$ cat target.cif   # mmCIF, C-alpha atoms
data_target
loop_
_atom_site.label_atom_id
_atom_site.label_comp_id
_atom_site.auth_asym_id
_atom_site.auth_seq_id
_atom_site.Cartn_x
_atom_site.Cartn_y
_atom_site.Cartn_z
CA MET A 1 0.00 0.00 0.00
CA GLU A 2 2.75 2.46 0.96
CA SER A 3 4.67 1.81 -2.26
CA ARG A 4 1.60 2.67 -4.38
CA ILE A 5 1.01 5.88 -2.47
CA TYR A 6 4.66 6.94 -2.80
CA LYS A 7 4.62 6.11 -6.50
CA GLY A 8 1.33 7.94 -7.10
CA ILE A 9 1.71 11.14 -5.07
CA GLY A 10 4.94 10.78 -3.08
CA HIS A 11 6.89 12.93 -5.53
CA ILE A 12 4.65 15.97 -4.87
CA ARG A 13 5.78 18.44 -2.21
CA LEU A 14 3.51 18.41 0.82
CA ASP A 15 2.58 22.08 0.55
CA LYS A 16 1.86 21.64 -3.17
CA LEU A 17 -0.36 18.58 -2.77
CA THR A 18 -3.98 19.38 -3.70
CA THR A 19 -7.35 17.67 -3.60
CA ARG A 20 -7.11 17.21 -7.38
CA HIS A 21 -3.84 15.26 -7.04
CA ILE A 22 -5.34 12.89 -4.50
CA GLN A 23 -8.63 12.57 -6.41
CA LYS A 24 -6.73 11.60 -9.57
CA PHE A 25 -4.77 9.00 -7.60
CA ILE A 26 -7.99 7.51 -6.15
CA LEU A 27 -9.59 7.31 -9.61
CA GLU A 28 -6.50 5.52 -10.93
CA LEU A 29 -6.80 3.02 -8.07
CA CYS A 30 -10.39 2.30 -9.08
CA ASP A 31 -9.20 1.20 -12.53
CA SER A 32 -6.11 -0.68 -11.31
CA THR A 33 -5.68 -4.29 -10.21
CA CYS A 34 -4.25 -5.96 -7.14
CA GLU A 35 -0.53 -6.46 -6.78
CA GLY A 36 0.99 -9.91 -6.69
CA ARG A 37 0.94 -12.87 -9.05
CA ARG A 38 -2.18 -14.57 -7.67
CA ASN A 39 -4.47 -11.53 -7.85
CA ARG A 40 -3.03 -9.56 -10.74
CA ASP A 41 -6.28 -9.73 -12.74
CA LYS A 42 -8.50 -8.76 -9.80
CA LYS A 43 -9.55 -5.13 -9.34
CA LEU A 44 -9.13 -3.39 -6.00
CA SER A 45 -12.24 -3.60 -3.83
CA PRO A 46 -14.07 -0.46 -2.61
CA LYS A 47 -12.95 -1.37 0.93
CA THR A 48 -9.28 -1.39 -0.13
CA ILE A 49 -9.62 1.97 -1.88
CA LYS A 50 -11.17 3.42 1.28
CA LEU A 51 -8.13 2.17 3.20
CA PHE A 52 -5.84 4.01 0.77
CA LYS A 53 -7.78 7.23 1.29
CA SER A 54 -7.84 6.75 5.07
CA MET A 55 -4.09 6.24 5.22
CA ILE A 56 -3.38 9.35 3.12
CA SER A 57 -5.80 11.40 5.21
CA SER A 58 -4.18 10.25 8.48
CA ILE A 59 -0.75 11.34 7.26
CA LEU A 60 -2.09 14.73 6.18
CA ASP A 61 -3.97 15.18 9.48
CA TYR A 62 -0.65 14.76 11.26
CA ALA A 63 0.94 17.32 8.91
CA VAL A 64 -1.84 19.79 9.85
CA LYS A 65 -1.18 19.22 13.57
CA MET A 66 2.51 19.86 13.00
CA GLN A 67 1.54 23.08 11.18
CA MET A 68 3.28 21.88 8.02
CA ILE A 69 0.11 22.54 6.00
CA ARG A 70 -3.00 24.55 6.78
CA ASP A 71 -5.74 22.13 5.65
CA ASN A 72 -6.08 18.46 4.79
CA PRO A 73 -6.66 18.27 1.01
CA CYS A 74 -7.93 14.69 1.35
CA LYS A 75 -11.14 15.72 3.11
CA ASN A 76 -12.98 16.62 -0.09
CA VAL A 77 -11.82 13.60 -2.08
CA GLN A 78 -14.69 11.40 -3.30
CA ILE A 79 -14.58 7.66 -3.83
CA PRO A 80 -16.65 6.73 -6.91
CA ARG A 81 -19.57 4.45 -6.27
CA VAL A 82 -18.77 0.92 -7.37
CA ILE A 83 -21.60 -1.32 -8.49
CA THR A 84 -20.93 -4.75 -7.05
CA PRO A 85 -21.67 -7.48 -9.60
CA GLU A 86 -24.11 -10.23 -8.71
CA LYS A 87 -22.45 -13.06 -6.82
CA GLU A 88 -22.08 -16.23 -8.85
CA TYR A 89 -23.03 -19.49 -7.25
CA TYR A 90 -24.69 -22.75 -8.21
CA THR A 91 -28.41 -23.28 -8.43
CA ILE A 92 -29.91 -26.12 -6.40
CA GLU A 93 -30.12 -28.18 -9.60
CA GLU A 94 -26.43 -27.59 -10.37
CA ALA A 95 -25.41 -28.45 -6.82
CA GLN A 96 -27.44 -31.68 -7.03
CA HIS A 97 -25.74 -32.55 -10.33
CA LEU A 98 -22.37 -31.85 -8.72
CA PHE A 99 -23.12 -34.36 -5.98
CA GLU A 100 -23.90 -36.98 -8.62
CA LEU A 101 -20.56 -36.30 -10.32
CA PHE A 102 -18.74 -36.50 -6.99
CA LYS A 103 -19.95 -40.11 -6.62
CA GLU A 104 -17.73 -41.03 -9.57
CA GLU A 105 -14.57 -39.44 -8.13
CA SER A 106 -11.72 -41.73 -7.09
CA GLU A 107 -10.55 -42.16 -3.50
CA HIS A 108 -7.45 -40.16 -4.47
CA ASN A 109 -9.66 -37.07 -4.85
CA TYR A 110 -11.99 -37.84 -1.95
CA ILE A 111 -10.40 -35.16 0.23
CA TYR A 112 -11.77 -32.54 -2.19
CA VAL A 113 -15.18 -34.19 -2.39
CA CYS A 114 -15.32 -33.97 1.40
CA PHE A 115 -14.06 -30.36 1.33
CA TYR A 116 -16.73 -29.08 -1.08
CA ILE A 117 -19.62 -31.01 0.45
CA LEU A 118 -18.69 -29.57 3.84
CA ALA A 119 -18.33 -26.09 2.29
CA ILE A 120 -21.86 -26.21 0.88
CA TYR A 121 -23.55 -27.52 4.02
CA SER A 122 -21.61 -25.41 6.53
CA GLY A 123 -20.98 -22.10 4.78
CA PHE A 124 -17.57 -21.94 6.49
CA ARG A 125 -14.93 -19.54 5.18
CA LEU A 126 -11.90 -21.01 3.38
CA GLY A 127 -9.59 -20.37 6.35
CA GLU A 128 -12.10 -21.93 8.73
CA LEU A 129 -12.30 -25.08 6.62
CA MET A 130 -8.50 -25.29 6.41
CA GLY A 131 -8.20 -24.76 10.17
CA LEU A 132 -10.62 -27.56 11.11
CA GLU A 133 -9.17 -30.30 13.29
CA TRP A 134 -10.67 -33.68 14.02
CA LYS A 135 -11.24 -32.73 17.66
CA ASP A 136 -13.62 -30.01 16.40
CA ILE A 137 -16.02 -32.66 15.09
CA ASN A 138 -18.31 -34.49 17.51
CA PHE A 139 -19.33 -37.64 15.66
CA ASP A 140 -21.87 -38.52 18.37
CA THR A 141 -23.87 -35.29 18.12
CA ASN A 142 -22.97 -34.36 14.50
CA VAL A 143 -21.80 -30.92 15.68
CA VAL A 144 -18.83 -29.18 14.05
CA SER A 145 -17.15 -26.29 15.88
CA VAL A 146 -15.16 -23.40 14.38
CA ASN A 147 -12.33 -22.56 16.79
CA ARG A 148 -9.58 -21.23 14.51
CA THR A 149 -8.71 -20.12 11.00
CA CYS A 150 -5.72 -21.12 8.89
CA LEU A 151 -4.00 -18.31 6.97
CA TYR A 152 -0.92 -18.08 4.75
CA SER A 153 1.80 -15.53 4.15
CA LYS A 154 5.18 -15.67 2.40
CA ASP A 155 6.99 -14.97 5.66
CA LYS A 156 5.11 -17.34 7.97
CA GLY A 157 3.82 -19.98 5.58
CA HIS A 158 0.65 -21.58 6.99
CA TYR A 159 -0.22 -20.23 10.42
CA THR A 160 -3.18 -20.39 12.77
CA GLU A 161 -5.17 -17.39 14.01
CA THR A 162 -8.33 -16.87 16.01
CA PRO A 163 -11.48 -16.65 13.83
CA LYS A 164 -12.24 -13.42 11.96
CA THR A 165 -14.72 -12.05 14.52
CA ALA A 166 -15.88 -12.96 18.02
CA LEU A 167 -19.07 -14.49 16.59
CA SER A 168 -17.06 -16.49 14.05
CA LYS A 169 -16.49 -19.02 16.82
CA ARG A 170 -19.62 -21.07 16.36
CA CYS A 171 -21.07 -24.58 16.27
CA LEU A 172 -23.25 -26.11 13.56
CA LYS A 173 -25.13 -29.37 13.57
CA LEU A 174 -24.75 -31.07 10.20
CA PRO A 175 -26.86 -33.78 8.49
CA GLN A 176 -25.85 -37.38 9.02
CA ASP A 177 -24.95 -37.77 5.32
CA VAL A 178 -22.30 -35.04 5.65
CA ILE A 179 -20.93 -36.60 8.84
CA ASP A 180 -20.68 -39.94 6.99
CA VAL A 181 -18.58 -38.25 4.28
CA LEU A 182 -16.26 -36.90 6.99
CA LYS A 183 -16.00 -40.37 8.55
CA LYS A 184 -15.02 -41.89 5.21
CA TRP A 185 -12.34 -39.25 4.67
CA ARG A 186 -10.96 -39.82 8.19
CA ALA A 187 -10.68 -43.54 7.43
CA LEU A 188 -8.83 -42.85 4.17
CA GLN A 189 -6.53 -40.43 6.00
CA ASP A 190 -5.77 -43.12 8.60
CA VAL A 191 -4.78 -45.52 5.80
CA GLN A 192 -2.37 -42.91 4.43
CA ARG A 193 -0.95 -42.29 7.93
CA ARG A 194 -0.18 -45.99 8.42
CA LYS A 195 1.25 -46.27 4.92
CA ILE A 196 3.97 -43.62 5.34
CA GLY A 197 4.67 -44.28 9.03
CA ASP A 198 7.32 -41.99 10.54
CA LYS A 199 7.04 -39.48 7.69
CA TRP A 200 3.57 -38.49 8.85
CA VAL A 201 3.43 -35.05 10.53
CA GLU A 202 0.75 -35.04 13.24
CA THR A 203 -1.34 -31.85 13.01
CA ASP A 204 -4.84 -33.25 13.66
CA ARG A 205 -5.99 -31.18 10.67
CA VAL A 206 -8.96 -32.53 8.71
CA PHE A 207 -7.63 -31.44 5.31
CA THR A 208 -3.99 -32.43 4.89
CA LYS A 209 -1.30 -33.16 2.34
CA TRP A 210 -0.02 -36.69 1.78
CA ASN A 211 2.23 -36.39 4.88
CA GLY A 212 -0.23 -34.84 7.34
CA GLN A 213 0.79 -31.22 6.93
CA THR A 214 -1.91 -28.61 6.36
CA LEU A 215 -3.31 -28.64 2.83
CA ASP A 216 -2.39 -25.61 0.69
CA ARG A 217 -5.21 -23.05 0.58
CA SER A 218 -5.06 -23.02 -3.23
CA ALA A 219 -5.24 -26.82 -3.60
CA PRO A 220 -9.07 -27.16 -3.58
CA SER A 221 -9.45 -24.46 -6.22
CA ARG A 222 -6.79 -26.08 -8.46
CA TYR A 223 -8.56 -29.42 -8.17
CA PHE A 224 -11.99 -27.95 -8.85
CA LYS A 225 -10.88 -26.10 -11.99
CA LYS A 226 -9.57 -29.39 -13.43
CA PHE A 227 -12.73 -31.18 -12.25
CA CYS A 228 -14.92 -28.66 -14.10
CA GLU A 229 -12.82 -29.03 -17.27
CA ARG A 230 -13.24 -32.82 -17.06
CA THR A 231 -16.97 -32.86 -16.36
CA GLY A 232 -18.23 -29.70 -18.07
CA MET A 233 -19.46 -28.17 -14.79
CA ARG A 234 -19.58 -24.39 -14.58
CA TYR A 235 -16.68 -23.18 -12.42
CA VAL A 236 -17.37 -20.99 -9.39
CA SER A 237 -14.93 -19.70 -6.77
CA ASN A 238 -14.50 -21.22 -3.31
CA HIS A 239 -16.30 -18.29 -1.66
CA SER A 240 -19.36 -18.97 -3.85
CA TRP A 241 -20.13 -22.05 -1.76
CA ARG A 242 -20.63 -19.75 1.23
CA HIS A 243 -23.01 -17.59 -0.82
CA LEU A 244 -24.96 -20.69 -1.88
CA ASN A 245 -25.29 -21.76 1.74
CA ALA A 246 -26.57 -18.30 2.73
CA THR A 247 -29.05 -18.24 -0.16
CA LEU A 248 -30.44 -21.65 0.76
CA LEU A 249 -30.90 -20.52 4.37
CA ILE A 250 -32.66 -17.29 3.38
CA ASN A 251 -34.93 -18.97 0.82
CA SER A 252 -35.90 -21.49 3.50
CA ASP A 253 -37.34 -18.58 5.55
CA VAL A 254 -34.55 -18.65 8.13
CA ASP A 255 -34.51 -15.32 9.98
CA VAL A 256 -31.62 -12.88 9.54
CA LYS A 257 -30.22 -13.36 13.07
CA THR A 258 -29.95 -17.11 12.54
CA VAL A 259 -28.32 -16.63 9.13
CA GLN A 260 -25.88 -14.18 10.76
CA SER A 261 -25.05 -16.74 13.44
CA CYS A 262 -24.55 -19.57 10.93
CA LEU A 263 -22.23 -17.47 8.76
CA GLY A 264 -20.31 -16.02 11.70
CA HIS A 265 -20.93 -12.35 10.85
CA SER A 266 -20.21 -9.93 13.69
CA VAL A 267 -23.43 -7.94 13.16
CA ALA A 268 -26.72 -8.60 11.36
CA THR A 269 -26.23 -5.53 9.14
CA THR A 270 -23.32 -7.28 7.44
CA THR A 271 -25.61 -10.18 6.54
CA LEU A 272 -28.33 -7.82 5.33
CA ASN A 273 -25.91 -5.76 3.22
CA LEU A 274 -24.27 -8.80 1.60
CA TYR A 275 -27.54 -10.60 0.86
CA CYS A 276 -29.92 -7.66 0.46
CA HIS A 277 -31.20 -8.84 -2.93
CA THR A 278 -31.75 -12.40 -1.68
CA PHE A 279 -33.71 -11.18 1.35
CA GLN A 280 -35.81 -8.90 -0.88
CA THR A 281 -36.60 -11.80 -3.23
CA ALA A 282 -37.60 -13.99 -0.28
CA GLN A 283 -39.79 -11.21 1.13
CA ALA A 284 -41.46 -10.70 -2.24
CA ALA A 285 -42.28 -14.42 -2.36
CA ALA A 286 -43.71 -14.16 1.16
CA MET A 287 -45.99 -11.28 0.12
CA GLU A 288 -47.16 -13.31 -2.86
CA ALA A 289 -48.00 -16.16 -0.51
CA VAL A 290 -50.15 -13.76 1.55
CA ALA A 291 -51.88 -12.54 -1.61
CA ASN A 292 -52.61 -16.13 -2.65
CA ALA A 293 -54.04 -16.92 0.78
CA LEU A 294 -56.27 -13.82 0.99
CA LEU A 295 -58.09 -12.92 -2.22
CA LEU A 296 -59.07 -9.24 -2.31
CA SER A 297 -61.39 -8.42 -5.24
CA TYR A 298 -62.40 -4.89 -6.19
CA SER A 299 -63.48 -3.65 -9.62
CA THR A 300 -60.92 -1.47 -11.36
CA ASN A 301 -63.23 1.55 -11.78
CA GLY A 302 -64.19 1.69 -8.14
CA GLU A 303 -67.84 0.75 -8.85
CA ASP A 304 -69.51 -2.43 -7.84
CA SER A 305 -70.31 -4.79 -10.66
CA LYS A 306 -73.87 -5.93 -11.18
CA ASP A 307 -73.17 -9.28 -9.63
CA ASP A 308 -71.48 -7.65 -6.62
CA LYS A 309 -74.35 -5.30 -5.72
CA LYS A 310 -75.90 -5.77 -2.36
CA PRO A 311 -79.31 -7.42 -2.20
CA GLU A 312 -80.82 -4.27 -0.67
CA GLU A 313 -79.68 -2.13 -3.61
CA LYS A 314 -81.20 -4.55 -6.13
CA SER A 315 -84.55 -4.60 -4.40
CA LEU A 316 -84.72 -0.78 -4.29
CA LYS A 317 -84.05 -0.57 -8.01
CA ASP A 318 -86.63 -3.19 -8.73
CA THR A 319 -89.32 -1.31 -6.80
CA ALA A 320 -88.54 2.10 -8.38
#

$ encode --input "target.cif" --output "structure tokens"
Amino acid sequence: MESRIYKGIGHIRLDKLTTRHIQKFILELCDSTCEGRRNRDKKLSPKTIKLFKSMISSILDYAVKMQMIRDNPCKNVQIPRVITPEKEYYTIEEAQHLFELFKEESEHNYIYVCFYILAIYSGFRLGELMGLEWKDINFDTNVVSVNRTCLYSKDKGHYTETPKTALSKRCLKLPQDVIDVLKKWRALQDVQRRKIGDKWVETDRVFTKWNGQTLDRSAPSRYFKKFCERTGMRYVSNHSWRHLNATLLINSDVDVKTVQSCLGHSVATTTLNLYCHTFQTAQAAAMEAVANALLLSYSTNGEDSKDDKKPEEKSLKDTA
């Protein structure tokens, strides 16, 4: 972040820096992409651009306090409104077809079958799935607990952190079919552990490499891209499974607080903002259900039709 700021406006003297300079820099950020090999084709998010502006503004606020400049030129800078594209995820029919295709996968790929089935039914974040350990799964009660998240950086490699928010620590009860998939994967993992003996690294992680170490975060996505090429399935990103889970919950008339709890959002407004369109669609369907249950019939011109006239009115007309 600092390098981009220095490159964009760092060459301008502090007392010569204007709102126009900063505004131009922000607009250029809106059209630019992320740094790094993995995300080089991905545009910066509105949240990231706000962080850029906040950092510049903080520096200039300090310059004002030190009486190096009179005013903060960043205060009047506007961040263009970004229209967020519709989230892509599978329909129920596509997800059902995917499950059928998974039945044909070999035991060699069963770790990924287990990963994606759990992703759909749980709605866990990628780091939460990678951080799962066998002690987090109660096979007697079918409850899975989120207690940590697994992250990656060039300096640290794979490392464990506490979940994203306080409410991200949560427990979900999963269907027996999903638990059975987890049991099968645990059995296959035990076979691999016995096969390589002393080379096995004990981490207790659910999703591991051949030697027990934590699975690379990019491994499921690499597998799924090849799977889609083989089978003709439409490819969606890992995070789309979380969106599918949320959509299924909302369309099943689950209230927003419960959806928030299942997804591990810190506040309900986050859930409402992310899935505003889905909630609106569900509410529209609910209103249609009310309309179907209670039929309200009025003539369009505000006058009663002949058939709808009251008996008293008909008798008066007849006697006139």

$ atom_distance --input "target.cif" --atom1 "atom CA of Asp136 of chain A" --atom2 "atom CA of Cys150 of chain A"
14.1 Å

$ closest_residue --input "target.cif" --among "A:Arg148, A:Lys164, A:His239, A:Lys53" --to "Gly131 of chain A" --atoms "all atoms listed in the file"
A:Arg148

$ atom_distance --input "target.cif" --atom1 "atom CA of Leu129 of chain A" --atom2 "atom CA of Val146 of chain A"
8.4 Å

$ closest_residue --input "target.cif" --among "A:Ala166, A:Val77, A:Met233, A:Val113" --to "Ser57 of chain A" --atoms "only C-alpha atoms"
A:Val77

$ resolve_selection --input "target.cif" --expression "the PyMOL selection byres ((chain A and resi 223) around 12)" --output "PyMOL selection string"
chain A and resi 105+108-113+115-116+216-222+224-230+235+237-238

$ atom_distance --input "target.cif" --atom1 "atom CA of Trp200 of chain A" --atom2 "atom CA of Val144 of chain A"
24.8 Å

$ closest_residue --input "target.cif" --among "A:Thr162, A:Thr231, A:Ser122, A:Gln176" --to "Phe139 of chain A" --atoms "only C-alpha atoms"
A:Gln176

$ residues_around --input "target.cif" --residues "Val181 of chain A" --least-positions-apart "6" --cutoff "9 Å" --atoms "only C-alpha atoms" --output "list of chain:residue names"
A:Val113, A:Cys114, A:Ile117, A:Leu118
